[in-house]
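Engineer: There's a structure below that I have some questions on.
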Amino acid sequence: MGMVETVGLVLHPRRDSKVAIDTIVEWARDRGVTVYGLPDEIGRIDCSAVAVDTATLVERADLLVSLGGDGTMLRTMRLIAGRPTPILGVNLGKLGFLAEIDVDDLPSALSFIDNHEYTVEPRMAVRATLPGDTSVTAFNDIALVRIPGDGLSAVAISVEGHPFVRYAADAVIVATPTGSTAYSFSAGGPIVSPTVEGFLVVPAAAHSAFNRALMLSADEQVSLEVLPTSGRLAVEVDGAIGAHLCPGDQLTVTAIRALAWVVRLGSTSFYERARRKLRVNDSAEIG
């Protein structure tokens with residue numbers, strides 16, 4: 001008997017996912033597998049998936065299938081955070097860095113998973129408590145970003161309670177290994193393997209003399225204090241604004257190991273995906 005009895009769908013809000021959904025539903029029908037989806041998502045598409053609320057989707061799905069791009073994968077990971085349910089990323093449209101397969105590969109991929117012929121890759125998250133005691137979790141990054149017209153992001157960084165550096169920048173980014181290829185990369189941060197148990201602190205467009213990134217252990221915590229010289233800052237959580245901070249506010253960020261599990265079928269490696277998406281060219285020949 002296969003391992004998959006229920007499949008949960010998480011859809012991109014705009015991209016056309018009907019072909020992918022029809023493929024999943026047909027595969028499931030032939031094996032007596034139930035397909036669940038969120039009402040506002042599958043309601044846009046004529047399909048036989050069963051509409052359930054988020055709690056039911058998370059509790060009952062043996063496998064979550066993310067149909068979209070990297071944003072959809074991040075949302076899927078946040079939905080299932082803390083549970084061992086594997087997530088299969090299916091790319092729709094642009095090259096998805098986190099996606100494992102394209103739509104044409106869906107039937108074989110689902111069968112491989114059903115037959116236990118796959119591996120899972122743990123994904124680390126970072127977590128912070130915002131003013132008002134709201135806890136937020138990000139699988140890419142938490143960033144303190146300047147608001148145009150309000151001045152720079154001036155932030156003091158302390159690690160394990162020990163002051164280290166003060167950044168003046170357009171933003172200060174706390175990124176996971178997953179997020180090392182996102183905002184952090186565009187700010188000059190390093191590419192980090194998703195298997196590394198650590199996280200980054202990276203200034204974007206730093207105006208201070210020290211402009212290097214920090215690599216921290218997953219066991220360490222970092223505090224970010226908004227300095228009196230700073231403007232009002234937006235706190236972006238995986239790209240979405242979660243709150244605003246004012247001078248004197250402080251944010252403490254910690255890492256959480258293996259908060260989500262991503263399906264890997266061995267078709268491509270992290271470095272192959274990084275090379276394609278980031279357009280890494282061969283090194284110039286010397287001599």
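Labeling convention for the structure tokens: chains A, B, ... as they appear, residues from 1 per chain, ligands from 1 in order of appearance.
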Considering only C-alpha atoms, return as an mmCIF file with N, CA and C atoms, in the first residue's frame whatever protein or nucleic-acid residues lie within 12 Å of Pro13 of chain A, sequence-local ones (same chain, fewer than 6 positions apart) excluded.

Structural biologist:
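Wrote out13.cif, looks like this:
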```cif
data_model
loop_
_atom_site.group_PDB
_atom_site.id
_atom_site.type_symbol
_atom_site.label_atom_id
_atom_site.label_comp_id
_atom_site.auth_asym_id
_atom_site.auth_seq_id
_atom_site.Cartn_x
_atom_site.Cartn_y
_atom_site.Cartn_z
ATOM 1 N N LEU A 38 -8.009 24.486 -0.158
ATOM 2 C CA LEU A 38 -8.648 25.570 0.586
ATOM 3 C C LEU A 38 -9.792 26.151 -0.245
ATOM 4 N N ASP A 40 -11.209 29.078 -0.876
ATOM 5 C CA ASP A 40 -11.048 30.261 -1.719
ATOM 6 C C ASP A 40 -10.069 30.014 -2.861
ATOM 7 N N GLU A 41 -9.285 28.933 -2.779
ATOM 8 C CA GLU A 41 -8.322 28.627 -3.843
ATOM 9 C C GLU A 41 -8.913 27.680 -4.877
ATOM 10 N N ILE A 42 -9.435 26.550 -4.445
ATOM 11 C CA ILE A 42 -9.985 25.604 -5.422
ATOM 12 C C ILE A 42 -11.344 26.073 -5.944
ATOM 13 N N GLY A 43 -11.951 27.048 -5.244
ATOM 14 C CA GLY A 43 -13.212 27.597 -5.718
ATOM 15 C C GLY A 43 -13.080 28.326 -7.042
ATOM 16 N N ARG A 44 -11.867 28.746 -7.391
ATOM 17 C CA ARG A 44 -11.636 29.431 -8.665
ATOM 18 C C ARG A 44 -11.549 28.452 -9.831
ATOM 19 N N ILE A 45 -11.450 27.149 -9.524
ATOM 20 C CA ILE A 45 -11.173 26.144 -10.548
ATOM 21 C C ILE A 45 -12.223 25.043 -10.471
ATOM 22 N N SER A 66 2.582 22.196 -3.414
ATOM 23 C CA SER A 66 2.579 23.648 -3.627
ATOM 24 C C SER A 66 2.652 23.916 -5.114
ATOM 25 N N LEU A 67 1.622 24.583 -5.647
ATOM 26 C CA LEU A 67 1.542 24.860 -7.084
ATOM 27 C C LEU A 67 1.727 26.357 -7.308
ATOM 28 N N GLY A 68 2.886 26.749 -7.815
ATOM 29 C CA GLY A 68 3.158 28.171 -8.037
ATOM 30 C C GLY A 68 4.642 28.428 -8.163
ATOM 31 N N GLY A 69 5.133 29.343 -7.331
ATOM 32 C CA GLY A 69 6.541 29.693 -7.341
ATOM 33 C C GLY A 69 7.091 29.661 -5.927
ATOM 34 N N GLY A 71 7.155 31.998 -3.655
ATOM 35 C CA GLY A 71 6.253 32.588 -2.671
ATOM 36 C C GLY A 71 5.217 31.593 -2.175
ATOM 37 N N THR A 72 4.696 30.775 -3.087
ATOM 38 C CA THR A 72 3.718 29.756 -2.714
ATOM 39 C C THR A 72 4.361 28.691 -1.844
ATOM 40 N N ARG A 75 4.743 30.083 1.644
ATOM 41 C CA ARG A 75 3.451 30.095 2.339
ATOM 42 C C ARG A 75 3.063 28.684 2.779
ATOM 43 N N LEU A 92 5.155 26.622 -11.546
ATOM 44 C CA LEU A 92 4.236 27.107 -12.579
ATOM 45 C C LEU A 92 4.781 28.426 -13.119
#
```

Engineer: Using DSSP assignments from the backbone, pull out every residue in segment 80-287 of chain A that falls under alpha helix (DSSP H) and give it to me as a list in words.

Structural biologist: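 Matching residues for alpha helix (DSSP H) in segment 80-287 of chain A are Ile80, Leu106, Pro107, Ser108, Ala109, Leu110, Ser111, Phe112, Ile113, Asp114, Tyr183, Ser184, Phe185, Ser186, Phe270, Tyr271, Glu272, Arg273, Ala274, Arg275, Arg276 and Lys277 of chain A.
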
Engineer: From the options A:Thr134, A:Ser217, A:Thr195, A:Thr229, which residue's atoms come nearest to Ala243 of chain A, counting only C-alpha atoms?

Structural biologist: A:Thr134

Engineer: Go through A:Thr85, A:Thr252, A:Thr34, A:Thr176 one by one, measure the shortest atom-to-atom distance of each to Glu59 of chain A using only C-alpha atoms, and give the residue with the smallest value.

Structural biologist: A:Thr85

Engineer: Which residues are close to Ala218 of chain A, i.e. within 7 Å by only C-alpha atoms, leaving aside same-chain residues fewer than 3 positions away? Reply as an mmCIF file with all heavy atoms, in the first residue's frame.

Structural biologist:
```cif
data_model
loop_
_atom_site.group_PDB
_atom_site.id
_atom_site.type_symbol
_atom_site.label_atom_id
_atom_site.label_comp_id
_atom_site.auth_asym_id
_atom_site.auth_seq_id
_atom_site.Cartn_x
_atom_site.Cartn_y
_atom_site.Cartn_z
ATOM 1 N N GLU A 197 23.347 24.526 9.348
ATOM 2 C CA GLU A 197 22.530 24.908 10.509
ATOM 3 C C GLU A 197 23.046 26.234 11.066
ATOM 4 O O GLU A 197 23.808 26.282 12.032
ATOM 5 C CB GLU A 197 22.556 23.807 11.558
ATOM 6 C CG GLU A 197 21.842 22.539 11.103
ATOM 7 C CD GLU A 197 21.612 21.566 12.240
ATOM 8 O OE1 GLU A 197 22.350 21.641 13.248
ATOM 9 O OE2 GLU A 197 20.699 20.735 12.119
ATOM 10 N N GLY A 198 22.642 27.295 10.437
ATOM 11 C CA GLY A 198 23.032 28.628 10.855
ATOM 12 C C GLY A 198 22.204 29.649 10.110
ATOM 13 O O GLY A 198 21.370 29.296 9.267
ATOM 14 N N PHE A 199 22.409 30.942 10.429
ATOM 15 C CA PHE A 199 21.659 31.981 9.728
ATOM 16 C C PHE A 199 22.519 33.225 9.604
ATOM 17 O O PHE A 199 23.575 33.350 10.233
ATOM 18 C CB PHE A 199 20.313 32.261 10.410
ATOM 19 C CG PHE A 199 20.391 32.782 11.822
ATOM 20 C CD1 PHE A 199 20.077 34.105 12.109
ATOM 21 C CD2 PHE A 199 20.747 31.953 12.885
ATOM 22 C CE1 PHE A 199 20.132 34.601 13.403
ATOM 23 C CE2 PHE A 199 20.791 32.426 14.184
ATOM 24 C CZ PHE A 199 20.485 33.756 14.450
ATOM 25 N N ALA A 255 16.760 31.032 15.553
ATOM 26 C CA ALA A 255 16.593 30.056 14.473
ATOM 27 C C ALA A 255 15.866 28.822 14.999
ATOM 28 O O ALA A 255 15.997 28.461 16.173
ATOM 29 C CB ALA A 255 17.954 29.659 13.907
#
```

Engineer: At a cut-off of 6 Å, using only C-alpha atoms, what residues contact His244 of chain A? Leave out same-chain residues fewer than 4 positions from it and give the result as a list in words.

Structural biologist: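 Answer for this query is Leu233, Ala234 and Val235 of chain A.
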
Engineer: Generate the output file for the selected residues, N, CA, C and O atoms, as a JSON list (two decimals), in the first residue's frame.

Structural biologist:
```
[["chain", "number", "residue", "atom", "x", "y", "z"],
["A", 233, "LEU", "N", 11.03, 52.04, 10.78],
["A", 233, "LEU", "CA", 11.37, 50.91, 9.93],
["A", 233, "LEU", "C", 10.18, 49.97, 9.74],
["A", 233, "LEU", "O", 9.37, 49.79, 10.66],
["A", 234, "ALA", "N", 10.12, 49.37, 8.57],
["A", 234, "ALA", "CA", 9.15, 48.31, 8.32],
["A", 234, "ALA", "C", 9.81, 46.97, 8.61],
["A", 234, "ALA", "O", 10.96, 46.74, 8.24],
["A", 235, "VAL", "N", 9.08, 46.08, 9.28],
["A", 235, "VAL", "CA", 9.56, 44.72, 9.49],
["A", 235, "VAL", "C", 8.93, 43.84, 8.42],
["A", 235, "VAL", "O", 7.71, 43.63, 8.42]]
```

Engineer: Which of segment 26-176 of chain A counts as strand (DSSP E) under DSSP, as a CSV table (one decimal) with C-alpha atoms, in the first residue's frame please?

Structural biologist:
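part_20.csv, written as the output of this step:
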```
chain,number,residue,atom,x,y,z
A,34,THR,CA,-8.5,12.1,-1.4
A,35,VAL,CA,-7.4,15.6,-2.6
A,36,TYR,CA,-8.0,18.5,-0.3
A,37,GLY,CA,-7.8,22.3,-1.1
A,50,VAL,CA,-12.6,18.6,-1.4
A,51,ALA,CA,-12.8,22.1,0.1
A,63,LEU,CA,1.5,15.2,1.4
A,64,LEU,CA,1.2,18.9,0.5
A,65,VAL,CA,1.6,20.0,-3.1
A,66,SER,CA,2.6,23.6,-3.6
A,67,LEU,CA,1.5,24.9,-7.1
A,68,GLY,CA,3.2,28.2,-8.0
A,86,PRO,CA,6.5,16.5,3.2
A,87,ILE,CA,6.0,19.4,0.7
A,88,LEU,CA,6.3,18.9,-3.0
A,89,GLY,CA,7.0,22.1,-4.9
A,90,VAL,CA,5.6,22.3,-8.5
A,91,ASN,CA,6.8,25.2,-10.6
A,101,ILE,CA,9.5,19.6,-10.5
A,102,ASP,CA,7.5,21.0,-13.4
A,119,THR,CA,14.1,12.0,0.3
A,120,VAL,CA,13.2,15.1,2.4
A,121,GLU,CA,15.3,18.1,3.1
A,122,PRO,CA,14.8,20.0,6.4
A,123,ARG,CA,14.3,23.7,6.1
A,124,MET,CA,15.2,26.1,8.9
A,125,ALA,CA,13.2,29.1,9.9
A,126,VAL,CA,13.8,32.3,11.9
A,127,ARG,CA,11.3,33.6,14.4
A,128,ALA,CA,10.8,36.9,16.2
A,129,THR,CA,8.3,38.5,18.6
A,130,LEU,CA,7.0,41.8,17.3
A,134,THR,CA,2.9,38.9,17.9
A,135,SER,CA,5.2,36.0,16.9
A,136,VAL,CA,6.3,35.8,13.3
A,137,THR,CA,8.1,33.0,11.4
A,138,ALA,CA,10.0,33.3,8.2
A,141,ASP,CA,14.1,36.3,6.0
A,142,ILE,CA,13.1,38.9,8.5
A,143,ALA,CA,14.2,42.3,7.4
A,144,LEU,CA,14.2,45.8,9.0
A,145,VAL,CA,13.7,48.1,6.1
A,146,ARG,CA,13.9,51.8,5.8
A,153,SER,CA,17.8,51.8,9.0
A,154,ALA,CA,20.3,52.3,11.9
A,155,VAL,CA,20.4,49.1,13.9
A,156,ALA,CA,22.7,47.8,16.7
A,157,ILE,CA,23.5,44.1,16.5
A,158,SER,CA,24.1,42.0,19.6
A,159,VAL,CA,24.8,38.3,19.6
A,162,HIS,CA,27.1,40.9,23.4
A,163,PRO,CA,27.2,44.1,21.3
A,164,PHE,CA,29.0,43.6,18.1
A,165,VAL,CA,28.3,46.1,15.4
A,166,ARG,CA,26.0,49.1,14.4
A,167,TYR,CA,24.8,49.1,10.8
A,168,ALA,CA,23.5,52.2,8.9
A,169,ALA,CA,21.9,50.8,5.8
A,171,ALA,CA,17.9,47.4,5.4
A,172,VAL,CA,19.2,44.8,7.8
A,173,ILE,CA,18.3,41.3,6.9
A,174,VAL,CA,18.2,38.2,9.0
A,175,ALA,CA,18.2,35.3,6.6
```

Engineer: For each of A:Leu57, A:Leu152, A:Ala240, A:Val253, take the minimum atom-to-atom distance to His207 of chain A, counting only C-alpha atoms, then give the residue where this is smallest.

Structural biologist: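 With only C-alpha atoms as the atom set, the closest residue is A:Leu152.
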
Engineer: Skipping near chain neighbours, those fewer than 6 positions away, what residues fall within 7 Å of segment 210-214 of chain A using only C-alpha atoms, listed as a PyMOL selection string?

Structural biologist: chain A and resi 189+200-203

Engineer: How about saving the chosen residues, C-alpha atoms kept, as a JSON list (two decimals), in the first residue's frame?

Structural biologist:
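As a result, out.json now contains:
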```json
[["chain", "number", "residue", "atom", "x", "y", "z"],
["A", 189, "GLY", "CA", 25.37, 38.07, 1.19],
["A", 200, "LEU", "CA", 22.86, 35.30, 8.35],
["A", 201, "VAL", "CA", 22.71, 38.97, 9.33],
["A", 202, "VAL", "CA", 23.28, 41.08, 6.19],
["A", 203, "PRO", "CA", 23.16, 44.89, 5.71]]
```

Engineer: May I ask which of the residues A:Ser180, A:Thr268, A:Ser111, A:Ser48 is the closest one to Ser193 of chain A, counting only C-alpha atoms?

Structural biologist: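 Result for the nearest residue to Ser193 of chain A: A:Ser180.
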
Engineer: What does the distance between atom CA of Leu11 of chain A and atom CA of Thr76 of chain A come to in Å, to one decimal place?

Structural biologist: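 Taking atom CA of Leu11 of chain A and atom CA of Thr76 of chain A, their separation equals 9.0 Å.
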
Engineer: Record the distance separating atom CA of Gly161 of chain A and atom CA of Leu245 of chain A, expressed in Å with one decimal.

Structural biologist: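 Atom CA of Gly161 of chain A sits 20.1 Å away from atom CA of Leu245 of chain A.
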
Engineer: So that I can see what lies close to Asp104 of chain A, please list as an MDAnalysis selection string the residues with an atom at most 10 Å from it, counting only C-alpha atoms and leaving out residues fewer than 4 positions away in the same chain.

Structural biologist: chainID A and resid 19:20 23 90 108:109

Engineer: Applying 12 Å and only C-alpha atoms, which residues near segment 269-272 of chain A remain after dropping the ones on its own chain fewer than 5 positions away? List them as a VMD selection string.

Structural biologist: chain A and resid 96 to 101 121 177 to 178 181 191 to 195 264 277 to 281

Engineer: Would you save the residues of that selection, restricted to N, CA, C and O atoms, as a PDB file, in the first residue's frame?

Structural biologist:
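Saved the output as part_12.pdb:
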```pdb
ATOM      1  N   GLY A  96      11.194  28.241 -10.481  1.00  0.00           N
ATOM      2  CA  GLY A  96      11.061  28.321  -9.038  1.00  0.00           C
ATOM      3  C   GLY A  96      12.282  27.722  -8.363  1.00  0.00           C
ATOM      4  O   GLY A  96      12.628  26.570  -8.603  1.00  0.00           O
ATOM      5  N   PHE A  97      12.925  28.498  -7.521  1.00  0.00           N
ATOM      6  CA  PHE A  97      14.142  28.022  -6.879  1.00  0.00           C
ATOM      7  C   PHE A  97      13.841  26.889  -5.907  1.00  0.00           C
ATOM      8  O   PHE A  97      14.608  25.930  -5.793  1.00  0.00           O
ATOM      9  N   LEU A  98      12.727  26.970  -5.201  1.00  0.00           N
ATOM     10  CA  LEU A  98      12.389  25.970  -4.202  1.00  0.00           C
ATOM     11  C   LEU A  98      11.615  24.795  -4.773  1.00  0.00           C
ATOM     12  O   LEU A  98      11.502  23.750  -4.129  1.00  0.00           O
ATOM     13  N   ALA A  99      11.072  24.953  -5.973  1.00  0.00           N
ATOM     14  CA  ALA A  99      10.275  23.888  -6.579  1.00  0.00           C
ATOM     15  C   ALA A  99      11.159  22.728  -7.001  1.00  0.00           C
ATOM     16  O   ALA A  99      12.294  22.918  -7.439  1.00  0.00           O
ATOM     17  N   GLU A 100      10.636  21.508  -6.887  1.00  0.00           N
ATOM     18  CA  GLU A 100      11.397  20.319  -7.250  1.00  0.00           C
ATOM     19  C   GLU A 100      11.122  19.874  -8.678  1.00  0.00           C
ATOM     20  O   GLU A 100      12.001  19.345  -9.358  1.00  0.00           O
ATOM     21  N   ILE A 101       9.875  20.078  -9.163  1.00  0.00           N
ATOM     22  CA  ILE A 101       9.502  19.561 -10.475  1.00  0.00           C
ATOM     23  C   ILE A 101       8.660  20.571 -11.249  1.00  0.00           C
ATOM     24  O   ILE A 101       8.165  21.557 -10.688  1.00  0.00           O
ATOM     25  N   GLU A 121      14.280  17.185   2.681  1.00  0.00           N
ATOM     26  CA  GLU A 121      15.321  18.137   3.060  1.00  0.00           C
ATOM     27  C   GLU A 121      14.745  19.061   4.133  1.00  0.00           C
ATOM     28  O   GLU A 121      13.738  19.734   3.889  1.00  0.00           O
ATOM     29  N   PRO A 177      19.418  29.851   5.591  1.00  0.00           N
ATOM     30  CA  PRO A 177      20.093  29.332   4.395  1.00  0.00           C
ATOM     31  C   PRO A 177      19.187  29.350   3.167  1.00  0.00           C
ATOM     32  O   PRO A 177      19.639  29.679   2.064  1.00  0.00           O
ATOM     33  N   THR A 178      17.909  29.042   3.342  1.00  0.00           N
ATOM     34  CA  THR A 178      16.966  29.127   2.223  1.00  0.00           C
ATOM     35  C   THR A 178      16.917  30.543   1.678  1.00  0.00           C
ATOM     36  O   THR A 178      16.936  30.766   0.471  1.00  0.00           O
ATOM     37  N   THR A 181      19.584  32.966  -0.933  1.00  0.00           N
ATOM     38  CA  THR A 181      19.528  33.218  -2.377  1.00  0.00           C
ATOM     39  C   THR A 181      18.439  34.227  -2.737  1.00  0.00           C
ATOM     40  O   THR A 181      18.130  34.397  -3.917  1.00  0.00           O
ATOM     41  N   ILE A 191      25.980  32.715  -0.703  1.00  0.00           N
ATOM     42  CA  ILE A 191      25.081  31.592  -0.928  1.00  0.00           C
ATOM     43  C   ILE A 191      25.391  30.536   0.122  1.00  0.00           C
ATOM     44  O   ILE A 191      26.543  30.150   0.311  1.00  0.00           O
ATOM     45  N   VAL A 192      24.370  30.057   0.814  1.00  0.00           N
ATOM     46  CA  VAL A 192      24.552  29.088   1.892  1.00  0.00           C
ATOM     47  C   VAL A 192      23.765  27.826   1.559  1.00  0.00           C
ATOM     48  O   VAL A 192      22.590  27.898   1.201  1.00  0.00           O
ATOM     49  N   SER A 193      24.392  26.671   1.680  1.00  0.00           N
ATOM     50  CA  SER A 193      23.704  25.402   1.453  1.00  0.00           C
ATOM     51  C   SER A 193      22.531  25.260   2.415  1.00  0.00           C
ATOM     52  O   SER A 193      22.644  25.615   3.601  1.00  0.00           O
ATOM     53  N   PRO A 194      21.395  24.731   1.946  1.00  0.00           N
ATOM     54  CA  PRO A 194      20.241  24.560   2.838  1.00  0.00           C
ATOM     55  C   PRO A 194      20.492  23.550   3.948  1.00  0.00           C
ATOM     56  O   PRO A 194      19.717  23.469   4.894  1.00  0.00           O
ATOM     57  N   THR A 195      21.577  22.798   3.864  1.00  0.00           N
ATOM     58  CA  THR A 195      21.883  21.827   4.912  1.00  0.00           C
ATOM     59  C   THR A 195      22.667  22.447   6.070  1.00  0.00           C
ATOM     60  O   THR A 195      22.879  21.798   7.088  1.00  0.00           O
ATOM     61  N   ARG A 264      12.640  15.936  -2.065  1.00  0.00           N
ATOM     62  CA  ARG A 264      13.677  15.920  -3.089  1.00  0.00           C
ATOM     63  C   ARG A 264      13.651  14.551  -3.777  1.00  0.00           C
ATOM     64  O   ARG A 264      13.652  13.524  -3.103  1.00  0.00           O
ATOM     65  N   LYS A 277      19.187  29.702 -11.605  1.00  0.00           N
ATOM     66  CA  LYS A 277      18.389  30.862 -11.207  1.00  0.00           C
ATOM     67  C   LYS A 277      19.225  32.112 -11.049  1.00  0.00           C
ATOM     68  O   LYS A 277      18.798  33.210 -11.422  1.00  0.00           O
ATOM     69  N   LEU A 278      20.428  31.952 -10.496  1.00  0.00           N
ATOM     70  CA  LEU A 278      21.278  33.108 -10.230  1.00  0.00           C
ATOM     71  C   LEU A 278      22.211  33.422 -11.399  1.00  0.00           C
ATOM     72  O   LEU A 278      23.025  34.331 -11.318  1.00  0.00           O
ATOM     73  N   ARG A 279      22.101  32.631 -12.467  1.00  0.00           N
ATOM     74  CA  ARG A 279      22.884  32.856 -13.687  1.00  0.00           C
ATOM     75  C   ARG A 279      24.377  32.917 -13.386  1.00  0.00           C
ATOM     76  O   ARG A 279      25.075  33.872 -13.779  1.00  0.00           O
ATOM     77  N   VAL A 280      24.833  31.913 -12.676  1.00  0.00           N
ATOM     78  CA  VAL A 280      26.244  31.827 -12.344  1.00  0.00           C
ATOM     79  C   VAL A 280      27.020  31.397 -13.595  1.00  0.00           C
ATOM     80  O   VAL A 280      26.745  30.338 -14.155  1.00  0.00           O
ATOM     81  N   ASN A 281      27.970  32.206 -14.007  1.00  0.00           N
ATOM     82  CA  ASN A 281      28.782  31.876 -15.178  1.00  0.00           C
ATOM     83  C   ASN A 281      30.042  31.136 -14.762  1.00  0.00           C
ATOM     84  O   ASN A 281      30.466  31.170 -13.601  1.00  0.00           O
TER      85      ASN A 281
END
```

Engineer: Which residue out of A:Asn140, A:Thr6, A:Gln250, A:Ser186 has the minimum interatomic distance to Val25 of chain A when only C-alpha atoms are used?

Structural biologist: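 With only C-alpha atoms as the atom set, the closest residue is A:Thr6.
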
Engineer: Record the distance separating atom CA of Val52 of chain A and atom CA of Pro84 of chain A, expressed in Å with one decimal.

Structural biologist: 20.0 Å
